[in-house]
Each structure stands twice: as C-alpha cells, then as structure tokens.
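Next comes protein.txt, with compact mmCIF, C-alpha atoms and all ligand atoms.
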```txt
# COMPACT_ATOMS: atom_id res chain seq x y z
CA ILE Y 1 0.00 0.00 0.00
CA SER Y 2 1.43 3.40 -0.87
CA LYS Y 3 -1.44 5.89 -0.82
CA ILE Y 4 -4.19 6.22 1.75
CA ALA Y 5 -6.89 8.73 2.62
CA VAL Y 6 -8.76 9.82 5.71
CA LEU Y 7 -12.27 11.24 6.17
CA THR Y 8 -14.69 12.15 8.95
CA SER Y 9 -18.37 11.36 8.52
CA GLY Y 10 -21.67 11.54 10.41
CA GLY Y 11 -21.85 13.72 13.51
CA ASP Y 12 -18.66 15.55 14.45
CA ALA Y 13 -16.99 14.66 17.73
CA PRO Y 14 -14.17 16.29 19.71
CA GLY Y 15 -10.96 14.30 19.19
CA MET Y 16 -11.52 13.75 15.47
CA ASN Y 17 -8.76 16.25 14.72
CA ALA Y 18 -6.30 14.43 16.97
CA CYS Y 19 -7.13 11.31 15.00
CA ILE Y 20 -6.69 13.00 11.60
CA ARG Y 21 -3.31 14.31 12.75
CA ALA Y 22 -2.24 10.85 13.88
CA VAL Y 23 -3.35 9.26 10.61
CA VAL Y 24 -1.45 11.82 8.53
CA ARG Y 25 1.75 11.65 10.54
CA THR Y 26 1.75 7.87 10.95
CA ALA Y 27 1.23 7.50 7.20
CA ILE Y 28 4.16 9.83 6.53
CA HIS Y 29 6.23 7.85 9.01
CA HIS Y 30 5.55 4.73 6.91
CA GLY Y 31 6.48 6.57 3.71
CA LEU Y 32 2.88 6.66 2.44
CA GLU Y 33 1.15 9.48 0.63
CA VAL Y 34 -1.94 10.56 2.53
CA TYR Y 35 -4.99 12.46 1.32
CA GLY Y 36 -7.59 14.31 3.35
CA ILE Y 37 -11.12 13.91 1.98
CA ARG Y 38 -13.49 16.79 2.78
CA GLN Y 39 -17.08 16.32 3.97
CA GLY Y 40 -17.07 12.59 4.39
CA TYR Y 41 -18.36 10.44 1.56
CA GLN Y 42 -19.57 13.55 -0.25
CA GLY Y 43 -15.95 14.57 -0.84
CA MET Y 44 -15.14 11.12 -2.17
CA ILE Y 45 -17.94 11.51 -4.73
CA ASN Y 46 -17.10 15.16 -5.54
CA ASN Y 47 -13.36 14.45 -5.73
CA ASP Y 48 -12.82 16.98 -2.96
CA MET Y 49 -9.53 15.67 -1.58
CA GLU Y 50 -6.04 16.93 -1.18
CA GLN Y 51 -2.67 15.50 -0.25
CA MET Y 52 -1.67 16.30 3.32
CA GLN Y 53 1.74 16.89 4.83
CA ALA Y 54 2.94 16.72 8.42
CA ARG Y 55 2.47 20.50 8.66
CA SER Y 56 -1.11 20.34 7.30
CA VAL Y 57 -2.16 19.06 10.72
CA SER Y 58 -0.18 21.45 12.93
CA ASN Y 59 -2.00 23.01 15.87
CA ILE Y 60 -5.24 21.10 15.49
CA LEU Y 61 -5.00 18.79 18.54
CA ASN Y 62 -6.84 21.34 20.64
CA LEU Y 63 -9.65 22.02 18.18
CA GLY Y 64 -13.16 20.60 18.39
CA GLY Y 65 -15.07 19.75 15.21
CA THR Y 66 -13.11 18.37 12.28
CA ILE Y 67 -10.79 20.26 9.93
CA LEU Y 68 -11.90 17.91 7.13
CA LYS Y 69 -15.57 18.80 7.73
CA THR Y 70 -18.21 16.13 7.88
CA ALA Y 71 -21.47 15.51 6.08
CA ARG Y 72 -24.38 13.16 5.81
CA CYS Y 73 -24.26 12.00 2.21
CA LEU Y 74 -27.30 10.35 0.67
CA ASP Y 75 -25.62 9.80 -2.72
CA PHE Y 76 -23.29 7.29 -1.11
CA HIS Y 77 -26.26 5.01 -0.47
CA LYS Y 78 -26.63 4.60 -4.22
CA ASP Y 79 -24.55 2.46 -6.58
CA GLU Y 80 -23.78 5.42 -8.86
CA GLY Y 81 -22.46 7.44 -5.92
CA MET Y 82 -20.22 4.61 -4.79
CA GLU Y 83 -18.94 4.03 -8.33
CA LYS Y 84 -18.05 7.71 -8.71
CA ALA Y 85 -16.24 7.66 -5.36
CA TYR Y 86 -14.36 4.52 -6.40
CA GLN Y 87 -13.28 6.03 -9.72
CA ASN Y 88 -12.01 9.14 -7.93
CA LEU Y 89 -9.95 7.08 -5.51
CA LYS Y 90 -8.58 4.86 -8.30
CA ALA Y 91 -7.59 7.90 -10.37
CA LYS Y 92 -5.42 9.07 -7.46
CA GLY Y 93 -4.09 5.59 -6.73
CA ILE Y 94 -5.58 5.52 -3.23
CA GLU Y 95 -5.68 1.96 -1.87
CA GLY Y 96 -6.88 2.41 1.68
CA ILE Y 97 -9.12 4.73 3.70
CA VAL Y 98 -9.50 5.47 7.36
CA VAL Y 99 -13.09 6.45 8.09
CA ILE Y 100 -13.82 8.21 11.36
CA GLY Y 101 -17.49 8.14 12.36
CA GLY Y 102 -20.33 6.11 13.79
CA ASP Y 103 -22.57 3.22 12.81
CA GLY Y 104 -23.75 4.76 9.54
CA THR Y 105 -20.21 5.61 8.49
CA PHE Y 106 -19.09 2.02 9.14
CA THR Y 107 -22.09 0.62 7.25
CA GLY Y 108 -21.17 2.73 4.22
CA ALA Y 109 -17.48 1.78 4.48
CA LEU Y 110 -18.23 -1.93 4.69
CA ARG Y 111 -20.65 -1.87 1.74
CA PHE Y 112 -18.10 0.09 -0.30
CA SER Y 113 -15.21 -2.21 0.50
CA LYS Y 114 -17.24 -5.34 -0.24
CA LYS Y 115 -18.14 -3.87 -3.62
CA TYR Y 116 -14.57 -2.71 -4.29
CA PRO Y 117 -12.28 -4.98 -2.24
CA ASP Y 118 -9.17 -3.38 -3.75
CA ILE Y 119 -9.89 -0.40 -1.48
CA LYS Y 120 -9.11 -1.32 2.11
CA VAL Y 121 -11.08 0.33 4.90
CA ILE Y 122 -10.43 0.76 8.60
CA GLY Y 123 -13.00 2.42 10.86
CA VAL Y 124 -12.30 4.62 13.88
CA PRO Y 125 -15.24 4.96 16.32
CA GLY Y 126 -15.95 8.68 16.42
CA THR Y 127 -19.24 9.63 18.02
CA ILE Y 128 -20.12 11.36 21.28
CA ASP Y 129 -22.81 8.72 21.93
CA ASN Y 130 -20.43 5.93 22.99
CA ASP Y 131 -22.70 3.37 21.40
CA LEU Y 132 -20.42 1.28 19.21
CA TYR Y 133 -19.63 -2.35 19.80
CA GLY Y 134 -15.89 -3.11 19.82
CA SER Y 135 -14.65 -0.12 21.80
CA THR Y 136 -15.29 0.68 25.45
CA TYR Y 137 -15.04 4.36 24.56
CA THR Y 138 -15.67 6.27 21.38
CA LEU Y 139 -14.00 9.49 20.36
CA GLY Y 140 -15.73 12.56 21.74
CA PHE Y 141 -17.72 10.86 24.48
CA ASP Y 142 -15.43 11.99 27.30
CA THR Y 143 -15.33 15.61 26.14
CA ALA Y 144 -19.09 15.76 25.58
CA THR Y 145 -19.73 14.33 29.03
CA ASN Y 146 -17.40 16.89 30.59
CA THR Y 147 -19.16 19.68 28.70
CA VAL Y 148 -22.52 18.46 29.99
CA ILE Y 149 -21.20 18.29 33.54
CA GLU Y 150 -19.90 21.86 33.36
CA ALA Y 151 -23.30 23.08 32.16
CA ILE Y 152 -25.25 21.11 34.78
CA ASP Y 153 -23.01 22.38 37.60
CA LYS Y 154 -24.02 25.90 36.60
CA ILE Y 155 -27.68 24.96 36.46
CA ARG Y 156 -27.37 23.36 39.91
CA ASP Y 157 -26.27 26.73 41.36
CA THR Y 158 -29.44 28.47 40.25
CA ALA Y 159 -31.62 25.44 41.03
CA ASP Y 160 -30.33 25.47 44.57
CA ALA Y 161 -30.72 29.21 45.04
CA HIS Y 162 -34.41 29.09 44.10
CA ASP Y 163 -35.59 25.64 45.22
CA ARG Y 164 -36.06 24.67 41.61
CA LEU Y 165 -36.52 21.39 39.88
CA PHE Y 166 -34.71 21.26 36.55
CA PHE Y 167 -35.32 18.82 33.75
CA ILE Y 168 -32.23 18.81 31.54
CA GLU Y 169 -32.21 17.15 28.15
CA VAL Y 170 -28.88 15.76 26.99
CA MET Y 171 -27.90 14.16 23.69
CA GLY Y 172 -28.45 10.45 23.13
CA ARG Y 173 -31.24 9.32 20.81
CA ASP Y 174 -30.36 5.66 21.23
CA SER Y 175 -27.81 5.81 23.99
CA GLY Y 176 -27.98 6.93 27.60
CA ALA Y 177 -24.21 6.90 28.01
CA ILE Y 178 -23.80 10.67 28.38
CA ALA Y 179 -26.90 10.94 30.58
CA LEU Y 180 -25.74 8.20 32.93
CA ARG Y 181 -22.22 9.49 33.49
CA ALA Y 182 -23.35 13.10 33.71
CA GLY Y 183 -26.06 12.06 36.17
CA ILE Y 184 -23.56 10.31 38.42
CA SER Y 185 -21.06 13.15 38.16
CA CYS Y 186 -23.59 15.87 38.97
CA GLY Y 187 -25.62 13.98 41.56
CA ALA Y 188 -28.81 14.03 39.51
CA GLU Y 189 -31.90 12.96 41.43
CA ALA Y 190 -33.05 10.86 38.48
CA ILE Y 191 -31.70 9.84 35.06
CA LEU Y 192 -34.07 8.90 32.25
CA LEU Y 193 -32.48 6.73 29.58
CA PRO Y 194 -33.53 5.02 26.35
CA GLU Y 195 -32.15 1.70 27.64
CA LYS Y 196 -34.28 1.59 30.78
CA GLU Y 197 -37.93 2.49 31.16
CA THR Y 198 -38.76 4.77 34.06
CA ALA Y 199 -42.44 5.14 34.89
CA ILE Y 200 -43.47 8.76 35.50
CA GLU Y 201 -45.18 7.71 38.76
CA GLU Y 202 -41.90 6.28 39.97
CA LEU Y 203 -40.13 9.52 39.06
CA ILE Y 204 -42.74 11.61 40.86
CA ALA Y 205 -42.52 9.44 43.97
CA GLY Y 206 -38.74 9.83 43.93
CA ILE Y 207 -38.92 13.60 43.60
CA LYS Y 208 -41.41 13.82 46.44
CA ALA Y 209 -39.22 11.62 48.62
CA GLY Y 210 -36.23 13.86 47.83
CA HIS Y 211 -38.18 16.91 48.88
CA TYR Y 212 -39.26 15.29 52.13
CA ASN Y 213 -35.61 14.54 52.75
CA SER Y 214 -35.15 18.32 52.56
CA LYS Y 215 -33.35 18.62 49.27
CA SER Y 216 -33.30 22.23 48.16
CA SER Y 217 -32.98 21.49 44.46
CA SER Y 218 -33.45 18.62 42.11
CA ILE Y 219 -31.95 17.81 38.74
CA VAL Y 220 -33.50 15.23 36.46
CA ILE Y 221 -31.48 14.30 33.38
CA VAL Y 222 -33.46 13.14 30.38
CA ALA Y 223 -31.65 11.60 27.41
CA GLU Y 224 -33.18 12.54 24.04
CA GLY Y 225 -34.21 8.95 23.42
CA ASP Y 226 -36.06 8.42 26.70
CA LYS Y 227 -39.34 6.62 26.04
CA ASN Y 228 -41.60 9.04 27.98
CA GLY Y 229 -42.12 11.35 25.02
CA GLY Y 230 -39.45 13.98 25.56
CA VAL Y 231 -38.33 16.34 28.27
CA TYR Y 232 -41.35 18.68 28.00
CA ASN Y 233 -43.81 15.80 28.35
CA VAL Y 234 -41.99 14.55 31.41
CA SER Y 235 -41.85 17.98 33.05
CA GLU Y 236 -45.57 18.62 32.36
CA ALA Y 237 -46.55 15.29 33.89
CA VAL Y 238 -44.47 16.01 36.99
CA LYS Y 239 -45.76 19.58 37.26
CA LYS Y 240 -49.29 18.24 37.74
CA GLU Y 241 -48.21 16.29 40.81
CA VAL Y 242 -45.40 18.28 42.34
CA SER Y 243 -46.20 21.79 43.50
CA HIS Y 244 -43.42 22.61 45.95
CA TYR Y 245 -40.79 23.24 43.27
CA ASP Y 246 -40.59 25.83 40.54
CA ILE Y 247 -40.10 23.55 37.51
CA LYS Y 248 -37.80 24.51 34.62
CA VAL Y 249 -36.62 22.78 31.45
CA THR Y 250 -33.21 23.21 29.78
CA ILE Y 251 -32.18 21.56 26.53
CA LEU Y 252 -28.40 21.57 26.25
CA GLY Y 253 -28.46 20.91 22.50
CA HIS Y 254 -25.51 21.34 20.20
CA LEU Y 255 -23.14 22.88 22.71
CA GLN Y 256 -22.55 19.26 23.72
CA ARG Y 257 -20.74 18.54 20.46
CA GLY Y 258 -18.30 21.40 20.53
CA GLY Y 259 -15.27 22.47 22.47
CA SER Y 260 -11.66 21.58 22.85
CA PRO Y 261 -11.18 17.82 23.31
CA SER Y 262 -10.26 16.47 26.75
CA ALA Y 263 -6.86 14.86 27.35
CA PHE Y 264 -8.60 11.49 27.17
CA ASP Y 265 -10.06 12.17 23.71
CA ARG Y 266 -6.79 13.60 22.39
CA VAL Y 267 -4.92 10.49 23.46
CA LEU Y 268 -7.68 8.16 22.26
CA GLY Y 269 -7.88 9.91 18.88
CA SER Y 270 -4.11 9.77 18.45
CA ARG Y 271 -3.93 6.17 19.55
CA LEU Y 272 -6.72 4.94 17.27
CA GLY Y 273 -5.45 6.96 14.29
CA PHE Y 274 -1.98 5.51 14.75
CA ALA Y 275 -3.42 1.99 15.03
CA ALA Y 276 -5.67 2.46 11.99
CA VAL Y 277 -2.73 3.28 9.71
CA ASN Y 278 -0.67 0.46 11.17
CA ALA Y 279 -3.58 -1.89 10.41
CA LEU Y 280 -3.73 -0.71 6.79
CA THR Y 281 0.01 -1.17 6.30
CA ALA Y 282 -0.33 -4.68 7.78
CA GLY Y 283 -2.86 -5.48 5.04
CA GLN Y 284 -5.98 -5.35 7.23
CA SER Y 285 -9.35 -4.26 5.88
CA GLN Y 286 -13.03 -4.11 6.89
CA LYS Y 287 -12.04 -3.75 10.53
CA MET Y 288 -12.52 -1.13 13.19
CA VAL Y 289 -9.93 -0.16 15.75
CA GLY Y 290 -11.18 0.18 19.31
CA LEU Y 291 -10.07 0.28 22.90
CA GLN Y 292 -10.83 -2.68 25.16
CA ALA Y 293 -9.33 -2.99 28.65
CA ASN Y 294 -6.89 -0.23 27.65
CA VAL Y 295 -5.56 -2.22 24.70
CA VAL Y 296 -6.18 -1.35 21.04
CA VAL Y 297 -8.01 -4.20 19.33
CA LEU Y 298 -9.33 -4.82 15.84
CA THR Y 299 -12.94 -5.96 15.40
CA ASP Y 300 -14.54 -7.02 12.10
CA LEU Y 301 -16.80 -4.22 10.91
CA GLU Y 302 -19.39 -6.85 10.13
CA GLU Y 303 -19.37 -8.06 13.73
CA ALA Y 304 -19.33 -4.52 15.15
CA LEU Y 305 -22.37 -3.59 13.07
CA ASN Y 306 -24.33 -6.76 13.78
CA GLN Y 307 -23.84 -6.52 17.52
CA HIS Y 308 -24.28 -2.81 17.81
CA GLU Y 309 -26.32 -3.23 20.97
CA PHE Y 310 -24.25 -1.42 23.57
CA ASN Y 311 -25.17 -2.11 27.15
CA LEU Y 312 -24.72 0.42 29.90
CA GLU Y 313 -22.79 -0.81 32.90
CA PRO Y 314 -25.36 -2.36 35.31
CA ASP Y 315 -23.34 -1.33 38.38
CA LEU Y 316 -23.43 2.32 37.28
CA LEU Y 317 -27.20 2.17 36.81
CA GLN Y 318 -27.70 0.63 40.23
CA MET Y 319 -25.22 2.94 41.91
CA ALA Y 320 -26.79 6.07 40.42
CA GLU Y 321 -30.06 5.16 42.16
CA VAL Y 322 -28.46 4.31 45.48
CA LEU Y 323 -26.44 7.51 45.62
CA SER Y 324 -29.26 9.87 44.71
CA ILE Y 325 -31.28 9.45 47.93
P1 LIG Y 401 -23.39 9.46 14.31
O1 LIG Y 401 -23.31 8.31 15.28
O2 LIG Y 401 -22.72 10.66 14.80
O3 LIG Y 401 -24.77 9.70 13.77
P2 LIG Y 401 -22.89 8.02 11.88
O4 LIG Y 401 -21.66 7.61 11.19
O5 LIG Y 401 -23.77 6.91 12.37
O6 LIG Y 401 -22.49 9.02 13.03
P3 LIG Y 401 -24.78 8.66 9.76
O7 LIG Y 401 -25.30 9.96 9.31
O8 LIG Y 401 -25.72 7.59 10.16
O9 LIG Y 401 -23.74 8.98 10.92
O10 LIG Y 401 -23.87 8.06 8.58
C1 LIG Y 401 -22.85 8.84 7.98
C2 LIG Y 401 -22.84 8.63 6.50
O11 LIG Y 401 -22.50 7.28 6.19
C3 LIG Y 401 -24.17 8.85 5.79
O12 LIG Y 401 -24.44 10.20 5.57
C4 LIG Y 401 -23.93 8.12 4.48
O13 LIG Y 401 -23.13 8.88 3.60
C5 LIG Y 401 -23.10 6.91 4.96
N1 LIG Y 401 -23.98 5.75 5.13
C6 LIG Y 401 -24.78 5.44 6.17
N2 LIG Y 401 -25.46 4.31 5.96
C7 LIG Y 401 -25.11 3.89 4.72
C8 LIG Y 401 -25.46 2.78 3.90
N3 LIG Y 401 -26.36 1.87 4.30
N4 LIG Y 401 -24.89 2.69 2.69
C9 LIG Y 401 -24.00 3.60 2.27
N5 LIG Y 401 -23.63 4.66 2.98
C10 LIG Y 401 -24.16 4.81 4.20
```
Can you give me the file's structure in the form of structure tokens?
Ligand code: ATP
Amino acid sequence: ISKIAVLTSGGDAPGMNACIRAVVRTAIHHGLEVYGIRQGYQGMINNDMEQMQARSVSNILNLGGTILKTARCLDFHKDEGMEKAYQNLKAKGIEGIVVIGGDGTFTGALRFSKKYPDIKVIGVPGTIDNDLYGSTYTLGFDTATNTVIEAIDKIRDTADAHDRLFFIEVMGRDSGAIALRAGISCGAEAILLPEKETAIEELIAGIKAGHYNSKSSSIVIVAEGDKNGGVYNVSEAVKKEVSHYDIKVTILGHLQRGGSPSAFDRVLGSRLGFAAVNALTAGQSQKMVGLQANVVVLTDLEEALNQHEFNLEPDLLQMAEVLSI
C-alpha cells in the first residue's frame, strides 16, 4: 500500500482532529502518501480531496469539530455514488481509507469495501454517543460528558438558590451513556435513559421523597431517546403532581458537540489513528480499531455492526439510584 486517505463522517466529535493528525503523521512515518477527503463520503464523490503533509495538521490537537468537515451523504447510499467515489480514488491511486465516524459511516465503508475490495477500509469509532460495539469508549464521548457536567453544575447553582426542579435534556437518541455518566457526576436525582424504562409515577414518587428529605434542588437528566415522550412531556406530567418546586426545562443541544477535546479524547484519537494506519500497512481491511481494557483491538466491521447493541454498565445504573437518595 502506498497511498491512503482519511475522512470524517456523520456527527462531528471532539478528538476527530487528533485522529486526523495521527493518521497523517503515521502514514508519513511509513512513507505513504496521505490524502484528506473533505465532507465525508460527499468529498469522495465530488473528488474533494487533497494530499496532506505533516504540517497540514499542525495546531489542530486542541480544536473541536473536524478540519476535514463532515457531512451526511445520501448519494453514497446509491450504486452510482459509490462508483463515482471509487473512480475518484482509483484515479489518485488511493488503496486504503481510514473512516472516522459512527454506525452509519461504518455501514457505508463496509458496503463500499465489499463492492470494491481493492480499497481497504479501517474504521475509527468517532461519536459522542459511545454506542459502538468493539470499543469501550468512542472518540468525543469523554469531552461531551465533561461539557454536559460543566453546564449542569451551573444549572445546579441556580436550582439550589431558588428551590427549583430542573429537567435537563442531553444528547443520546439511542444511547444513555452521556446521561448516565453526567447524572452520576452531577448527583442528579433521576436519570431517564432510552435503555431503561422509568415510569413517571416512579419519578414523581422519587422527587417527592427527595423533597421530604429536605433537598433544596433537584436535577433530572433526560436523554433525548427516553421513552416518555421527551423532556417537555416529562416535566408537564411532573408539574401536575409536584407543587413545591418551581419547575424549569433546559435543553443543552448542540453545545454538547463542541469544544476543545479532553486529554482522554486527544490520546484516544491519536492512539486509534496511529493503530488504523498500522492496520492498513499490515494489510488489514473491513475492521474497526477500538479500545478494550486499555488495549487497542481490531474488530470485524461486520461483527461490530451486527452486535451494535451497547449495554450500559449495570453497576453504574444501580449505583446512580443508590447515591441519589
Ligand atoms: P453518528 O453516530 O454521529 O450519527 P454516523 O456515522 O452513524 O455518526 P450517519 O449519518 O448515520 O452517521 O452516517 C454517515 C454517513 O454514512 C451517511 O451520511 C452516508 O453517507 C453513509 N452511510 C450510512 N449508511 C449507509 C449505507 N447503508 N450505505 C451507504 N452509505 C451509508
């Protein structure tokens, strides 16, 4: 292999830049030419790619987002889109790609590489949701959780000053990973997650019990994917039953995606980018690199995608309840 490329796709996540930097510099270390593809699969189709040098990735370790931009690209779902992307890569002599993204990105990469096996693909798990099989942590999850914690700490100050009950929506349509860790870190009174049904009556009873235990404020974290119909529905239902608190709703929204990556995400991004290029030079393809028990491991993309059910740690779920009394 002598020429490779790197792209970021799907939702952006802090740490992607550290990974891009590692891919570029590891490739150069191996004597490979390396191209940066802009806007994910869209750039592959539009031939929007450029050779990168060691200095192309200077001073990006500390930046959130992705210098290569990312996109959701519908054309890549179609055969014509894939063919165009393939022809563009072939014309440049690119034989391997590192794709940084989530489930969708890996699905596209695997389909592409099965159709065109002469292009090798290695996936790097980059999503704040931490919901990929094959890696204990995904890129961006740690930073996003820290961002959420910082925001909730500020909300706690005002909640406490006014005897308020805050319902805070955090990201996670299918995954309660951010909600659970943020809830534990901020001492949330309750955490509503897509993975675990919480009856509203149970929530109300818990809030009442907290008040009787003379809590001056309460924080309830609601992941986007909670099955009770969204944060406003939950707060309205509680409002009918709980009168001793002034009830407020805050949706943290896209601020959760941004910001300078944490040390953890910078190291993880560097480590997985380094490993991805090493895997390509070793002839690997259709694999993802991930971290398990603090060791970098390769998992078949096929397996990672088929088993994408990611289970939250049962001890954390149990502990969160015990500690919130
Ligand atoms: P996140 O977890 O942040 O949402 P993701 O990688 O799952 O990241 P998606 O938008 O689902 O994000 O997928 C990214 C891109 O991957 C899509 O825009 C599309 O270009 C490509 N892709 C997804 N599924 C397929 C598929 N079945 N076939 C071809 N390409 C796909």
Centre and edge lengths of an axis-aligned box around all listed atoms of ligand LIG 401 (chain Y), with 4 Å added on each side, are to be given in Å to one decimal, as lines of an AutoDock Vina configuration file.
```
center_x = -24.0
center_y = 6.3
center_z = 8.8
size_x = 12.7
size_y = 16.8
size_z = 21.0
```
Write out as CSV a residue-level contact list of range 254-288 of chain Y versus range 106-115 of chain Y with cut-off 12 Å: for each qualifying residue the closest pair of atoms and the distance in Å to one decimal, counting all atoms listed in the file, rows sorted by chain and residue number upward.
```
residue,atom,partner,partner_atom,distance
Y:Gln284,CA,Y:Ser113,CA,11.8
Y:Ser285,CA,Y:Ser113,CA,8.2
Y:Gln286,CA,Y:Leu110,CA,6.1
Y:Lys287,CA,Y:Leu110,CA,8.7
Y:Met288,CA,Y:Phe106,CA,8.3
```
Would you export the selected residues with C-alpha atoms as a PDB file, in the coordinates of the input, please?
```
ATOM      1  CA  GLN Y 284      -5.980  -5.350   7.230  1.00  0.00           C
ATOM      2  CA  SER Y 285      -9.350  -4.260   5.880  1.00  0.00           C
ATOM      3  CA  GLN Y 286     -13.030  -4.110   6.890  1.00  0.00           C
ATOM      4  CA  LYS Y 287     -12.040  -3.750  10.530  1.00  0.00           C
ATOM      5  CA  MET Y 288     -12.520  -1.130  13.190  1.00  0.00           C
TER       6      MET Y 288
END
```
Give the residue list for ligand LIG 401 (chain Y) at 6 Å, counting all atoms listed in the file, as a short mmCIF file (atom, residue, chain, number, x, y, z; two decimals) with C-alpha atoms, in the frame of the given file, sorted by chain and then by residue number.
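Final output, selection-v7.cif:
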```
data_model
loop_
_atom_site.label_atom_id
_atom_site.label_comp_id
_atom_site.auth_asym_id
_atom_site.auth_seq_id
_atom_site.Cartn_x
_atom_site.Cartn_y
_atom_site.Cartn_z
CA SER Y 9 -18.37 11.36 8.52
CA GLY Y 10 -21.67 11.54 10.41
CA GLY Y 11 -21.85 13.72 13.51
CA TYR Y 41 -18.36 10.44 1.56
CA ARG Y 72 -24.38 13.16 5.81
CA CYS Y 73 -24.26 12.00 2.21
CA LEU Y 74 -27.30 10.35 0.67
CA PHE Y 76 -23.29 7.29 -1.11
CA HIS Y 77 -26.26 5.01 -0.47
CA GLY Y 101 -17.49 8.14 12.36
CA GLY Y 102 -20.33 6.11 13.79
CA ASP Y 103 -22.57 3.22 12.81
CA GLY Y 104 -23.75 4.76 9.54
CA THR Y 105 -20.21 5.61 8.49
CA THR Y 107 -22.09 0.62 7.25
CA GLY Y 108 -21.17 2.73 4.22
CA THR Y 127 -19.24 9.63 18.02
#
```
Between CA of Arg271 in chain Y and CA of Leu305 in chain Y, measure the distance and give it in Å to one decimal.
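Distance between the two atoms: 21.8 Å.
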Within 7 Å of Ala320 in chain Y, counting all atoms listed in the file, which residues show up once you throw out same-chain ones fewer than 4 positions away? Write them as a list in words, please.
Ile184, Leu316 and Ser324 of chain Y
Interatomic distance between CA of Ser2 in chain Y and CA of Glu33 in chain Y?
6.3 Å
All residues 9 Å or closer to Thr198 in chain Y, only C-alpha atoms, same chain fewer than 3 positions away omitted, as a ChimeraX atom specification
/Y:191-193,201-203,226-228
To one decimal in Å, tell me the separation between CA of Val242 in chain Y and CA of Ser185 in chain Y.
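If I compute the distance from CA of Val242 in chain Y to CA of Ser185 in chain Y, I get 25.2 Å.
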Protein/DNA/RNA residues near (-5.3, 7.9, 18.8), cut 10 Å, all atoms listed in the file, as a JSON list (two decimals) with C-alpha atoms, in the frame of the given file:
```json
[["chain", "number", "residue", "atom", "x", "y", "z"],
["Y", 15, "GLY", "CA", -10.96, 14.30, 19.19],
["Y", 16, "MET", "CA", -11.52, 13.75, 15.47],
["Y", 17, "ASN", "CA", -8.76, 16.25, 14.72],
["Y", 18, "ALA", "CA", -6.30, 14.43, 16.97],
["Y", 19, "CYS", "CA", -7.13, 11.31, 15.00],
["Y", 20, "ILE", "CA", -6.69, 13.00, 11.60],
["Y", 21, "ARG", "CA", -3.31, 14.31, 12.75],
["Y", 22, "ALA", "CA", -2.24, 10.85, 13.88],
["Y", 23, "VAL", "CA", -3.35, 9.26, 10.61],
["Y", 124, "VAL", "CA", -12.30, 4.62, 13.88],
["Y", 139, "LEU", "CA", -14.00, 9.49, 20.36],
["Y", 264, "PHE", "CA", -8.60, 11.49, 27.17],
["Y", 265, "ASP", "CA", -10.06, 12.17, 23.71],
["Y", 266, "ARG", "CA", -6.79, 13.60, 22.39],
["Y", 267, "VAL", "CA", -4.92, 10.49, 23.46],
["Y", 268, "LEU", "CA", -7.68, 8.16, 22.26],
["Y", 269, "GLY", "CA", -7.88, 9.91, 18.88],
["Y", 270, "SER", "CA", -4.11, 9.77, 18.45],
["Y", 271, "ARG", "CA", -3.93, 6.17, 19.55],
["Y", 272, "LEU", "CA", -6.72, 4.94, 17.27],
["Y", 273, "GLY", "CA", -5.45, 6.96, 14.29],
["Y", 274, "PHE", "CA", -1.98, 5.51, 14.75],
["Y", 275, "ALA", "CA", -3.42, 1.99, 15.03],
["Y", 276, "ALA", "CA", -5.67, 2.46, 11.99],
["Y", 289, "VAL", "CA", -9.93, -0.16, 15.75],
["Y", 290, "GLY", "CA", -11.18, 0.18, 19.31],
["Y", 291, "LEU", "CA", -10.07, 0.28, 22.90],
["Y", 296, "VAL", "CA", -6.18, -1.35, 21.04]]
```
Give me the residues within 7 Å of Gln292 in chain Y as a count of residues only, counting all atoms listed in the file and dropping any in the same chain fewer than 3 places off.
5
Of the residues Y:Glu169, Y:Glu241, Y:Glu236, Y:Asp157, which is the one nearest to Ser216 in chain Y, using all atoms listed in the file?
Y:Asp157
Which is closest to Leu132 in chain Y among Y:Thr250, Y:Ser175, Y:Ser58, Y:Ser262, if we use only C-alpha atoms?
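Of all the options, Y:Ser175 lies closest to Leu132 in chain Y.
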Using all atoms listed in the file, which protein or nucleic acid residues come within 10 Å of Glu189 in chain Y? Drop anything in the same chain fewer than 4 positions from it, and give the result as JSON, numbers by chain.
{"Y": [165, 183, 184, 203, 206, 207, 210, 215, 217, 218, 219, 220, 221, 320, 321, 323, 324, 325]}
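Minimum distance to Leu255 in chain Y across Y:Thr158, Y:Gln51, Y:Asn311, Y:Thr147 (counting all atoms listed in the file) occurs at Y:Thr147.
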